[in-house]
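Written out below as structure tokens is the structure these notes cover.
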Amino acid sequence: MVQDASRIINIVSIFLWMRVNNMTTVIGILRAGGDTRFSLFLDGFIIWIVGVPMAFLGAFVFHFPVYFVYLCAMSEEVAKWILGINRYFSRKWINNLTMHVEGLDAGVAPLE
């Protein structure tokens with residue numbers, strides 16, 4: 001039991017950098033750039049497309065020990081990392097989030 005916990009902690013420490021990178025990319029860059037649909041896909045759907053099926057296969061089909069099942073669930077982070085980095089370098093996430101207001105010049109305060 002303690003050996004399993006030690007192995008899970010080792011897996012967590014191996015994937016921690018990837019999880020933090022995913023948080024920075026999805027929340028800090030993509031959402032801030034206005035790419036909320038792709039962020040929703042990465043955060044909301046990848047877990048159901050990759051993470052849950054892989055954990056199910058590992059637990060109930062292949063009968064892996066708990067630390068290998070956790071490793072299978074971490075495949076979600078790998079998928080998010082690959083897709084997130086590709087989206088970042090494609091620069092498709094950059095959207096102009098400002099509005100142009102007629103009669104308002106840049107740097108001039110509106111008259112009241």
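To be explicit about the labels: the chains of the structure tokens are called A, B, and onward in the order shown, and within each one the residues are counted from 1, while ligands get numbers from 1 in the order they are shown.
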Neighbour list for Trp81 of chain A as JSON, numbers by chain, cut-off 9 Å, only C-alpha atoms, skip fewer than 4 positions in-chain: {"A": [18, 19, 21, 22, 25, 76, 77, 85, 86]}
Non-local contacts of Met1 of chain A (12 Å; only C-alpha atoms; under 3 positions in same chain excluded) as a PyMOL selection string: chain A and resi 4-8+65-67
Long-range neighbours of Leu97 of chain A as a list in words, 8 Å cut-off, only C-alpha atoms, 2 positions minimum in chain: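 The filter keeps Gly33, Gly34, Asn95 and Met99 of chain A.
Distance-wise, atom CA of Val20 of chain A and atom CA of Leu83 of chain A end up 14.8 Å apart.
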Residues within 12 Å of Thr24 of chain A, only C-alpha atoms, excluding chain neighbours under 6 positions, as a PyMOL selection string: chain A and resi 17-18+30-32+39+80-81+84-85+88
Surrounding residues of Val69 of chain A excluding itself and chain neighbours under 4 positions, 9 Å, only C-alpha atoms, as a ChimeraX atom specification: /A:54-59,63-65,73-74
Would you save the residues from that selection as a compact mmCIF listing (two decimals), in the first residue's frame, using C-alpha atoms?
```
# COMPACT_ATOMS: atom_id res chain seq x y z
CA MET A 54 -7.74 5.30 -20.78
CA ALA A 55 -8.33 4.95 -17.03
CA PHE A 56 -11.26 2.61 -17.71
CA LEU A 57 -9.15 0.45 -20.03
CA GLY A 58 -6.30 0.33 -17.55
CA ALA A 59 -8.52 -0.58 -14.60
CA HIS A 63 -6.40 -4.92 -14.70
CA PHE A 64 -3.38 -2.69 -14.06
CA PRO A 65 -2.31 -1.77 -10.53
CA ALA A 73 -5.36 8.87 -16.65
CA MET A 74 -2.40 11.23 -17.04
```
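Proximity of A:Val26, A:Tyr70, A:Ile9, A:Arg37 to Ile82 of chain A, computed with only C-alpha atoms, is greatest for A:Val26.
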Pick from A:Val52, A:Ile27, A:Ile46, A:Glu102 nearest to Leu71 of chain A, counting only C-alpha atoms: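 Of A:Val52, A:Ile27, A:Ile46, A:Glu102, the one nearest Leu71 of chain A is A:Val52, counting only C-alpha atoms.
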Option closest in space to Phe68 of chain A, from A:Val12, A:Phe45, A:Leu40, A:Thr98 [counting only C-alpha atoms]: A:Val12
In chain A, DSSP helix (DSSP H, G or I) residues written as a ChimeraX atom specification: /A:2-30,36-61,66-73,75-90
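Using only C-alpha atoms, the smallest distance between any of A:Phe62, A:Ser75, A:Met23, A:Asn96 and Trp48 of chain A comes from A:Ser75.
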